[in-house]
file protein28.cif (mmCIF, C-alpha atoms)
data_entry
loop_
_atom_site.label_atom_id
_atom_site.label_comp_id
_atom_site.auth_asym_id
_atom_site.auth_seq_id
_atom_site.Cartn_x
_atom_site.Cartn_y
_atom_site.Cartn_z
CA GLY A 78 99.89 250.66 -111.32
CA SER A 79 101.26 249.44 -114.63
CA ILE A 80 102.30 245.79 -114.79
CA TYR A 81 105.72 245.42 -116.40
CA GLN A 82 106.21 241.66 -116.20
CA ILE A 83 104.82 238.52 -114.56
CA ALA A 84 106.92 235.36 -114.50
CA GLU A 85 107.35 231.95 -112.92
CA LEU A 86 110.99 230.96 -113.26
CA SER A 87 113.54 228.30 -112.32
CA VAL A 88 117.32 228.74 -112.14
CA VAL A 89 119.41 225.58 -112.36
CA ALA A 90 121.77 224.71 -109.50
CA GLY A 91 124.68 227.14 -109.69
CA GLY A 92 122.89 229.17 -112.35
CA GLU A 93 122.60 232.95 -112.37
CA ILE A 94 120.33 235.76 -113.47
CA LEU A 95 123.07 238.13 -114.57
CA LEU A 96 123.56 241.54 -113.00
CA HIS A 97 121.22 244.08 -114.57
CA THR A 98 119.59 247.42 -113.85
CA GLN A 99 115.98 247.08 -112.73
CA LYS A 100 113.56 248.64 -115.22
CA CYS A 101 110.68 248.43 -112.77
CA ASP A 102 109.83 247.75 -109.13
CA GLU A 103 109.66 244.00 -108.54
CA VAL A 104 108.35 241.57 -105.94
CA THR A 105 109.89 238.07 -106.00
CA TYR A 106 108.58 235.07 -104.06
CA ILE A 107 110.91 232.09 -103.50
CA ILE A 108 108.97 228.84 -104.06
CA SER A 109 111.74 226.33 -103.40
CA GLY A 110 115.48 225.87 -103.26
CA LYS A 111 117.99 228.40 -102.00
CA GLY A 112 120.36 230.98 -103.35
CA LYS A 113 121.46 234.60 -103.06
CA ILE A 114 119.86 237.83 -104.23
CA PHE A 115 122.03 240.87 -104.87
CA SER A 116 120.49 244.35 -104.86
CA ASN A 117 123.02 247.17 -105.11
CA ASP A 118 125.34 246.57 -102.13
CA ASP A 119 123.05 244.07 -100.38
CA GLU A 120 123.72 240.33 -100.58
CA ILE A 121 120.98 238.24 -98.97
CA GLU A 122 120.55 234.48 -98.77
CA VAL A 123 117.05 233.33 -99.67
CA THR A 124 115.09 230.13 -99.19
CA ALA A 125 111.50 229.00 -99.71
CA GLY A 126 108.97 231.40 -98.21
CA LYS A 127 111.10 234.52 -98.57
CA VAL A 128 109.71 237.61 -100.31
CA HIS A 129 112.10 240.05 -101.99
CA TYR A 130 111.35 243.59 -103.13
CA VAL A 131 113.69 245.64 -105.31
CA LYS A 132 113.19 249.16 -106.61
CA LYS A 133 113.56 250.43 -110.17
CA GLY A 134 117.12 251.54 -110.91
CA CYS A 135 118.85 249.08 -108.56
CA GLN A 136 121.65 246.79 -109.74
CA HIS A 137 120.15 243.33 -109.31
CA SER A 138 121.11 239.68 -109.79
CA ILE A 139 120.09 236.23 -108.52
CA ILE A 140 122.36 233.20 -108.05
CA ALA A 141 121.07 229.71 -107.24
CA ASP A 142 122.96 227.61 -104.70
CA LYS A 143 125.38 225.21 -106.38
CA ASN A 144 123.44 222.26 -104.95
CA SER A 145 119.92 223.56 -105.34
CA ARG A 146 117.60 224.59 -108.16
CA LEU A 147 115.94 227.92 -107.30
CA ARG A 148 112.27 228.34 -108.24
CA TYR A 149 110.50 231.66 -107.84
CA MET A 150 107.64 233.87 -109.01
CA CYS A 151 108.05 237.57 -109.72
CA VAL A 152 105.80 240.51 -110.50
CA GLY A 153 107.31 243.68 -111.98
CA PHE A 154 105.35 246.92 -111.89
CA VAL A 155 105.55 250.69 -112.23
CA PRO A 156 103.73 252.31 -109.26
CA ASN A 157 100.78 254.55 -110.03
CA THR A 158 101.15 257.33 -107.47
CA GLU A 159 97.56 258.44 -108.09
CA ASN A 160 96.40 255.17 -106.51
CA GLU A 161 96.22 255.33 -102.70
CA VAL A 162 97.85 251.92 -102.09
CA TYR A 163 100.72 252.47 -104.52
CA ALA A 164 101.28 256.04 -103.33
CA ARG A 165 101.46 255.00 -99.67
CA PHE A 166 103.80 252.09 -100.42
CA SER A 167 106.10 254.36 -102.47
CA GLN A 168 106.13 256.97 -99.71
CA ASN A 169 106.83 254.47 -96.93
CA THR A 170 109.64 252.78 -98.87
CA LYS A 171 111.19 255.88 -100.47
CA LYS A 172 114.42 255.39 -98.47
CA ILE A 173 114.49 251.62 -99.03
CA ASP A 174 115.97 250.21 -102.25
CA SER A 175 115.31 246.56 -101.43
CA PHE A 176 114.35 244.17 -98.64
CA VAL A 177 113.74 240.48 -97.93
CA LEU A 178 111.00 239.31 -95.58
CA ASP A 179 109.52 236.08 -94.29
CA ASP A 180 106.02 235.51 -95.65
CA THR A 181 103.81 235.68 -92.54
CA GLU A 182 100.73 236.94 -94.40
CA ASN A 183 100.15 234.22 -97.05
CA ILE A 184 101.54 236.37 -99.85
CA ARG A 185 102.35 233.25 -101.89
CA THR A 186 98.65 232.55 -102.46
CA ILE A 187 98.04 236.03 -103.87
CA ILE A 188 101.07 235.92 -106.17
CA GLU A 189 99.89 232.52 -107.43
CA LEU A 190 96.55 234.18 -108.27
CA ILE A 191 98.46 236.84 -110.23
CA ILE A 192 100.32 234.10 -112.15
CA ASN A 193 97.02 232.34 -112.91
CA GLU A 194 95.56 235.57 -114.29
CA ALA A 195 98.61 235.96 -116.52
CA TYR A 196 97.83 232.56 -118.04
CA THR A 197 94.11 233.34 -118.34
CA MET A 198 94.46 236.83 -119.88
CA ASP A 199 90.82 237.61 -120.50
CA ALA A 200 89.23 241.08 -120.55
CA ARG A 201 89.23 241.37 -116.74
CA SER A 202 92.67 239.97 -116.00
CA PHE A 203 94.41 243.37 -115.91
CA THR A 204 91.95 244.63 -113.29
CA MET A 205 92.29 241.44 -111.26
CA VAL A 206 96.11 241.56 -111.34
CA ASN A 207 96.16 245.16 -110.12
CA MET A 208 93.76 244.30 -107.28
CA PHE A 209 95.93 241.35 -106.22
CA LEU A 210 99.12 243.41 -106.46
CA SER A 211 97.56 246.07 -104.23
CA GLN A 212 96.93 243.35 -101.63
CA VAL A 213 100.56 242.19 -101.89
CA LEU A 214 101.87 245.71 -101.26
CA ILE A 215 99.58 246.17 -98.24
CA LEU A 216 100.74 242.85 -96.77
CA LEU A 217 104.40 243.73 -97.37
CA GLU A 218 103.86 246.95 -95.42
CA ARG A 219 102.24 245.03 -92.58
CA ILE A 220 105.23 242.73 -92.30
CA LEU A 221 107.84 245.43 -92.85
CA PHE A 222 106.42 247.90 -90.37
CA GLY A 223 104.80 245.51 -87.87
CA GLU A 224 101.23 246.39 -88.79
CA ASN A 225 99.76 243.03 -87.81
CA GLU A 226 96.44 242.25 -86.17
CA LYS A 227 97.81 242.45 -82.63
CA GLU A 228 99.04 245.97 -83.23
CA LYS A 229 95.70 247.03 -84.67
CA LYS A 230 94.22 246.25 -81.25
CA GLN A 231 96.35 249.03 -79.82
CA ASN A 232 93.72 251.44 -81.20
CA THR A 233 96.06 253.04 -83.74
CA GLU A 234 98.68 254.00 -81.14
CA THR A 235 101.24 256.47 -82.40
CA SER A 236 104.85 255.39 -82.69
CA ASN A 237 105.74 257.79 -79.86
CA TYR A 238 103.28 256.06 -77.57
CA ALA A 239 104.70 252.67 -78.57
CA VAL A 240 108.13 253.77 -77.31
CA TYR A 241 106.63 255.32 -74.16
CA HIS A 242 104.67 252.11 -73.55
CA THR A 243 107.89 250.08 -73.89
CA LEU A 244 109.88 252.34 -71.56
CA ARG A 245 107.21 252.11 -68.86
CA TYR A 246 107.08 248.34 -69.18
CA ILE A 247 110.86 247.97 -68.90
CA ASP A 248 111.03 250.32 -65.91
CA ARG A 249 108.39 248.23 -64.17
CA GLU A 250 109.34 244.68 -65.22
CA PHE A 251 113.06 244.78 -66.08
CA LEU A 252 113.98 242.06 -63.59
CA ASN A 253 111.43 239.69 -65.15
CA ILE A 254 112.09 240.32 -68.86
CA LYS A 255 113.78 237.26 -70.39
CA SER A 256 114.20 238.55 -73.97
CA VAL A 257 113.26 241.38 -76.31
CA LYS A 258 111.10 238.96 -78.28
CA SER A 259 109.06 237.87 -75.24
CA MET A 260 108.60 241.51 -74.18
CA ALA A 261 107.47 242.53 -77.68
CA GLU A 262 104.93 239.72 -77.71
CA GLN A 263 103.68 240.78 -74.28
CA LEU A 264 103.21 244.35 -75.56
CA CYS A 265 101.57 243.09 -78.80
CA TYR A 266 104.22 244.45 -81.17
CA SER A 267 106.46 242.67 -83.65
CA GLU A 268 110.03 242.41 -82.37
CA SER A 269 111.58 243.94 -85.52
CA TYR A 270 109.18 246.91 -85.55
CA LEU A 271 109.63 247.68 -81.86
CA SER A 272 113.42 247.28 -81.94
CA HIS A 273 113.77 249.60 -84.94
CA LEU A 274 111.43 252.22 -83.49
CA PHE A 275 113.05 252.16 -80.03
CA LYS A 276 116.59 252.54 -81.41
CA GLU A 277 115.43 255.40 -83.66
CA ARG A 278 113.68 257.35 -80.88
CA VAL A 279 115.81 256.54 -77.81
CA GLY A 280 119.21 256.29 -79.46
CA ILE A 281 120.17 252.90 -78.03
CA SER A 282 118.78 249.40 -78.50
CA ILE A 283 116.17 247.85 -76.24
CA LYS A 284 118.76 245.29 -75.10
CA GLN A 285 121.21 248.05 -74.12
CA TYR A 286 118.53 249.98 -72.25
CA LEU A 287 117.45 246.83 -70.45
CA GLN A 288 121.04 246.06 -69.44
CA GLN A 289 121.46 249.60 -68.09
CA LYS A 290 118.31 249.22 -65.99
CA LYS A 291 119.51 245.94 -64.53
CA ILE A 292 122.90 247.43 -63.66
#
call {"tool": "encode", "arguments": {"input": "protein28.cif", "output": "structure tokens"}}
result
Amino acid sequence: GSIYQIAELSVVAGGEILLHTQKCDEVTYIISGKGKIFSNDDEIEVTAGKVHYVKKGCQHSIIADKNSRLRYMCVGFVPNTENEVYARFSQNTKKIDSFVLDDTENIRTIIELIINEAYTMDARSFTMVNMFLSQVLILLERILFGENEKEKKQNTETSNYAVYHTLRYIDREFLNIKSVKSMAEQLCYSESYLSHLFKERVGISIKQYLQQKKI
């Protein structure tokens, strides 16, 4: 990939990064404070530990809460589709203009390493930054699509099998299921991944299907 910008920034309470058109893909990590991020038609509240991704071409702005200074790190890049990691990330997010996730994979540490390399800027820094950014994109995919360690233990189950597995479990245990979250944990899937996949393949939510079974 080609690095467009690396920055560590702070927006004063009530301050704003004015609306602009993204000139590159960008990953932003919220260090502290709270505020709102606008990406096209999406308005999302952010706090420390949130990771935001926005695609090139989106209308984008950031507003700090009126009572809170907003500190964040960001890395802007132009994906290199000849690189396997960048190509896969671009393909998997081609219908997604932006998203905000909770950092469950220690992404902050890797972005801090990118910032440190930006300050160092020796002959190997460009290579190091691209290696770290590749790791960030892989971890974002893991969080976004539920590809965590528990799911890897499912021996690379297909998404169709994941839905079939869920249906069988509900049919067998519906009277004992307390919540979608507890069921997802029992089946070793992330709740968001399983809920999205089930709704897409079955046409109704897990909660609706579970209610129908109980009736």
call {"tool": "atom_distance", "arguments": {"input": "protein28.cif", "atom1": "atom CA of Glu93 of chain A", "atom2": "atom CA of Val155 of chain A"}}
result
24.6 Å
call {"tool": "closest_residue", "arguments": {"input": "protein28.cif", "among": "A:Ile83, A:Leu216, A:Lys172, A:Tyr163", "to": "Glu194 of chain A", "atoms": "only C-alpha atoms"}}
result
A:Ile83
call {"tool": "resolve_selection", "arguments": {"input": "protein28.cif", "expression": "the PyMOL selection byres ((chain A and resi 270) around 10)", "output": "list in words"}}
result
Ile220, Leu221, Phe222, Gly223, Glu224, Ser236, Ala261, Tyr266, Ser267, Glu268, Ser269, Leu271, Ser272, His273, Leu274 and Phe275 of chain A
call {"tool": "residues_around", "arguments": {"input": "protein28.cif", "residues": "Gly110 of chain A", "least_positions_apart": "2", "cutoff": "7 Å", "atoms": "all atoms listed in the file", "output": "count of residues only"}}
result
6
call {"tool": "closest_residue", "arguments": {"input": "protein28.cif", "among": "A:Ser256, A:Val104, A:Asp180, A:Ser79", "to": "Thr158 of chain A", "atoms": "only C-alpha atoms"}}
result
A:Ser79
call {"tool": "resolve_selection", "arguments": {"input": "protein28.cif", "expression": "the PyMOL selection byres ((chain A and resi 138) around 10)", "output": "ChimeraX atom specification"}}
result
/A:93-99,113-117,120,135-137,139-140
call {"tool": "write_last_selection", "arguments": {"input": "protein28.cif", "atoms": "C-alpha atoms", "output": "short mmCIF file (atom, residue, chain, number, x, y, z; two decimals), keeping the file's coordinate frame"}}
result
data_model
loop_
_atom_site.label_atom_id
_atom_site.label_comp_id
_atom_site.auth_asym_id
_atom_site.auth_seq_id
_atom_site.Cartn_x
_atom_site.Cartn_y
_atom_site.Cartn_z
CA GLU A 93 122.60 232.95 -112.37
CA ILE A 94 120.33 235.76 -113.47
CA LEU A 95 123.07 238.13 -114.57
CA LEU A 96 123.56 241.54 -113.00
CA HIS A 97 121.22 244.08 -114.57
CA THR A 98 119.59 247.42 -113.85
CA GLN A 99 115.98 247.08 -112.73
CA LYS A 113 121.46 234.60 -103.06
CA ILE A 114 119.86 237.83 -104.23
CA PHE A 115 122.03 240.87 -104.87
CA SER A 116 120.49 244.35 -104.86
CA ASN A 117 123.02 247.17 -105.11
CA GLU A 120 123.72 240.33 -100.58
CA CYS A 135 118.85 249.08 -108.56
CA GLN A 136 121.65 246.79 -109.74
CA HIS A 137 120.15 243.33 -109.31
CA ILE A 139 120.09 236.23 -108.52
CA ILE A 140 122.36 233.20 -108.05
#
call {"tool": "resolve_selection", "arguments": {"input": "protein28.cif", "expression": "the PyMOL selection byres ((chain A and resi 131) around 6)", "output": "ChimeraX atom specification"}}
result
/A:102-103,130,132,174-175
call {"tool": "atom_distance", "arguments": {"input": "protein28.cif", "atom1": "atom CA of Ile192 of chain A", "atom2": "atom CA of Gly153 of chain A"}}
result
11.9 Å
call {"tool": "closest_residue", "arguments": {"input": "protein28.cif", "among": "A:Gln82, A:Leu217, A:Val162, A:Cys265", "to": "Glu182 of chain A", "atoms": "only C-alpha atoms"}}
result
A:Leu217
call {"tool": "residues_near_point", "arguments": {"input": "protein28.cif", "point": "(119.0, 247.3, -67.6)", "cutoff": "10 Å", "atoms": "all atoms listed in the file", "output": "short mmCIF file (atom, residue, chain, number, x, y, z; two decimals) with C-alpha atoms, in the frame of the given file"}}
result
data_model
loop_
_atom_site.label_atom_id
_atom_site.label_comp_id
_atom_site.auth_asym_id
_atom_site.auth_seq_id
_atom_site.Cartn_x
_atom_site.Cartn_y
_atom_site.Cartn_z
CA ILE A 247 110.86 247.97 -68.90
CA ASP A 248 111.03 250.32 -65.91
CA PHE A 251 113.06 244.78 -66.08
CA LEU A 252 113.98 242.06 -63.59
CA ILE A 254 112.09 240.32 -68.86
CA ILE A 283 116.17 247.85 -76.24
CA LYS A 284 118.76 245.29 -75.10
CA GLN A 285 121.21 248.05 -74.12
CA TYR A 286 118.53 249.98 -72.25
CA LEU A 287 117.45 246.83 -70.45
CA GLN A 288 121.04 246.06 -69.44
CA GLN A 289 121.46 249.60 -68.09
CA LYS A 290 118.31 249.22 -65.99
CA LYS A 291 119.51 245.94 -64.53
CA ILE A 292 122.90 247.43 -63.66
#
call {"tool": "residues_near_point", "arguments": {"input": "protein28.cif", "point": "(110.7, 233.1, -108.5)", "cutoff": "8 Å", "atoms": "only C-alpha atoms", "output": "mmCIF file with C-alpha atoms, keeping the file's coordinate frame"}}
result
data_model
loop_
_atom_site.group_PDB
_atom_site.id
_atom_site.type_symbol
_atom_site.label_atom_id
_atom_site.label_comp_id
_atom_site.auth_asym_id
_atom_site.auth_seq_id
_atom_site.Cartn_x
_atom_site.Cartn_y
_atom_site.Cartn_z
ATOM 1 C CA ALA A 84 106.920 235.360 -114.500
ATOM 2 C CA GLU A 85 107.350 231.950 -112.920
ATOM 3 C CA LEU A 86 110.990 230.960 -113.260
ATOM 4 C CA SER A 87 113.540 228.300 -112.320
ATOM 5 C CA THR A 105 109.890 238.070 -106.000
ATOM 6 C CA TYR A 106 108.580 235.070 -104.060
ATOM 7 C CA ILE A 107 110.910 232.090 -103.500
ATOM 8 C CA ILE A 108 108.970 228.840 -104.060
ATOM 9 C CA LEU A 147 115.940 227.920 -107.300
ATOM 10 C CA ARG A 148 112.270 228.340 -108.240
ATOM 11 C CA TYR A 149 110.500 231.660 -107.840
ATOM 12 C CA MET A 150 107.640 233.870 -109.010
ATOM 13 C CA CYS A 151 108.050 237.570 -109.720
#
call {"tool": "build_atoms", "arguments": {"input": "protein28.cif", "residues": "segment 134-145 of chain A", "atoms": "all heavy atoms", "output": "PDB file, keeping the file's coordinate frame"}}
result
ATOM      1  N   GLY A 134     115.842 250.854-110.915  1.00  0.00           N
ATOM      2  CA  GLY A 134     117.120 251.540-110.910  1.00  0.00           C
ATOM      3  C   GLY A 134     118.219 250.817-110.158  1.00  0.00           C
ATOM      4  O   GLY A 134     119.397 251.136-110.312  1.00  0.00           O
ATOM      5  N   CYS A 135     117.855 249.834-109.334  1.00  0.00           N
ATOM      6  CA  CYS A 135     118.850 249.080-108.560  1.00  0.00           C
ATOM      7  C   CYS A 135     119.613 248.111-109.470  1.00  0.00           C
ATOM      8  O   CYS A 135     119.081 247.603-110.462  1.00  0.00           O
ATOM      9  CB  CYS A 135     118.174 248.284-107.446  1.00  0.00           C
ATOM     10  SG  CYS A 135     117.627 249.281-106.054  1.00  0.00           S
ATOM     11  N   GLN A 136     120.868 247.842-109.099  1.00  0.00           N
ATOM     12  CA  GLN A 136     121.650 246.790-109.740  1.00  0.00           C
ATOM     13  C   GLN A 136     121.248 245.470-109.076  1.00  0.00           C
ATOM     14  O   GLN A 136     121.335 245.338-107.858  1.00  0.00           O
ATOM     15  CB  GLN A 136     123.142 247.050-109.580  1.00  0.00           C
ATOM     16  CG  GLN A 136     123.617 248.309-110.278  1.00  0.00           C
ATOM     17  CD  GLN A 136     123.441 248.237-111.776  1.00  0.00           C
ATOM     18  OE1 GLN A 136     123.942 247.315-112.432  1.00  0.00           O
ATOM     19  NE2 GLN A 136     122.706 249.193-112.345  1.00  0.00           N
ATOM     20  N   HIS A 137     120.829 244.504-109.870  1.00  0.00           N
ATOM     21  CA  HIS A 137     120.150 243.330-109.310  1.00  0.00           C
ATOM     22  C   HIS A 137     120.591 242.053-110.017  1.00  0.00           C
ATOM     23  O   HIS A 137     120.749 242.025-111.239  1.00  0.00           O
ATOM     24  CB  HIS A 137     118.637 243.539-109.493  1.00  0.00           C
ATOM     25  CG  HIS A 137     117.789 242.420-109.011  1.00  0.00           C
ATOM     26  ND1 HIS A 137     117.861 241.914-107.726  1.00  0.00           N
ATOM     27  CD2 HIS A 137     116.822 241.715-109.639  1.00  0.00           C
ATOM     28  CE1 HIS A 137     116.975 240.951-107.596  1.00  0.00           C
ATOM     29  NE2 HIS A 137     116.333 240.801-108.735  1.00  0.00           N
ATOM     30  N   SER A 138     120.814 241.000-109.222  1.00  0.00           N
ATOM     31  CA  SER A 138     121.110 239.680-109.790  1.00  0.00           C
ATOM     32  C   SER A 138     120.664 238.600-108.824  1.00  0.00           C
ATOM     33  O   SER A 138     120.468 238.855-107.627  1.00  0.00           O
ATOM     34  CB  SER A 138     122.600 239.535-110.106  1.00  0.00           C
ATOM     35  OG  SER A 138     123.371 239.551-108.917  1.00  0.00           O
ATOM     36  N   ILE A 139     120.503 237.385-109.328  1.00  0.00           N
ATOM     37  CA  ILE A 139     120.090 236.230-108.520  1.00  0.00           C
ATOM     38  C   ILE A 139     121.001 235.055-108.860  1.00  0.00           C
ATOM     39  O   ILE A 139     121.235 234.776-110.036  1.00  0.00           O
ATOM     40  CB  ILE A 139     118.624 235.850-108.791  1.00  0.00           C
ATOM     41  CG1 ILE A 139     117.686 237.019-108.472  1.00  0.00           C
ATOM     42  CG2 ILE A 139     118.226 234.607-107.983  1.00  0.00           C
ATOM     43  CD1 ILE A 139     116.246 236.760-108.846  1.00  0.00           C
ATOM     44  N   ILE A 140     121.508 234.374-107.833  1.00  0.00           N
ATOM     45  CA  ILE A 140     122.360 233.200-108.050  1.00  0.00           C
ATOM     46  C   ILE A 140     121.793 232.025-107.247  1.00  0.00           C
ATOM     47  O   ILE A 140     121.574 232.131-106.039  1.00  0.00           O
ATOM     48  CB  ILE A 140     123.811 233.474-107.598  1.00  0.00           C
ATOM     49  CG1 ILE A 140     124.404 234.635-108.396  1.00  0.00           C
ATOM     50  CG2 ILE A 140     124.667 232.222-107.765  1.00  0.00           C
ATOM     51  CD1 ILE A 140     125.812 235.007-107.972  1.00  0.00           C
ATOM     52  N   ALA A 141     121.541 230.920-107.915  1.00  0.00           N
ATOM     53  CA  ALA A 141     121.070 229.710-107.240  1.00  0.00           C
ATOM     54  C   ALA A 141     122.232 229.020-106.546  1.00  0.00           C
ATOM     55  O   ALA A 141     123.371 229.070-107.016  1.00  0.00           O
ATOM     56  CB  ALA A 141     120.417 228.765-108.245  1.00  0.00           C
ATOM     57  N   ASP A 142     121.945 228.390-105.410  1.00  0.00           N
ATOM     58  CA  ASP A 142     122.960 227.610-104.700  1.00  0.00           C
ATOM     59  C   ASP A 142     123.492 226.508-105.626  1.00  0.00           C
ATOM     60  O   ASP A 142     122.747 225.962-106.449  1.00  0.00           O
ATOM     61  CB  ASP A 142     122.339 226.995-103.440  1.00  0.00           C
ATOM     62  CG  ASP A 142     123.358 226.267-102.599  1.00  0.00           C
ATOM     63  OD1 ASP A 142     124.043 226.922-101.799  1.00  0.00           O
ATOM     64  OD2 ASP A 142     123.457 225.032-102.755  1.00  0.00           O
ATOM     65  N   LYS A 143     124.757 226.189-105.485  1.00  0.00           N
ATOM     66  CA  LYS A 143     125.380 225.210-106.380  1.00  0.00           C
ATOM     67  C   LYS A 143     124.764 223.822-106.261  1.00  0.00           C
ATOM     68  O   LYS A 143     124.927 222.987-107.165  1.00  0.00           O
ATOM     69  CB  LYS A 143     126.883 225.142-106.132  1.00  0.00           C
ATOM     70  CG  LYS A 143     127.273 224.656-104.744  1.00  0.00           C
ATOM     71  CD  LYS A 143     128.796 224.631-104.587  1.00  0.00           C
ATOM     72  CE  LYS A 143     129.201 224.126-103.216  1.00  0.00           C
ATOM     73  NZ  LYS A 143     130.683 224.091-103.055  1.00  0.00           N
ATOM     74  N   ASN A 144     124.058 223.576-105.151  1.00  0.00           N
ATOM     75  CA  ASN A 144     123.440 222.260-104.950  1.00  0.00           C
ATOM     76  C   ASN A 144     121.909 222.302-104.998  1.00  0.00           C
ATOM     77  O   ASN A 144     121.256 221.332-104.628  1.00  0.00           O
ATOM     78  CB  ASN A 144     123.876 221.684-103.592  1.00  0.00           C
ATOM     79  CG  ASN A 144     125.370 221.464-103.514  1.00  0.00           C
ATOM     80  OD1 ASN A 144     125.982 220.928-104.437  1.00  0.00           O
ATOM     81  ND2 ASN A 144     125.971 221.901-102.421  1.00  0.00           N
ATOM     82  N   SER A 145     121.363 223.413-105.453  1.00  0.00           N
ATOM     83  CA  SER A 145     119.920 223.560-105.340  1.00  0.00           C
ATOM     84  C   SER A 145     119.337 224.375-106.493  1.00  0.00           C
ATOM     85  O   SER A 145     119.783 225.495-106.759  1.00  0.00           O
ATOM     86  CB  SER A 145     119.572 224.240-103.998  1.00  0.00           C
ATOM     87  OG  SER A 145     118.208 224.529-103.896  1.00  0.00           O
TER      88      SER A 145
END
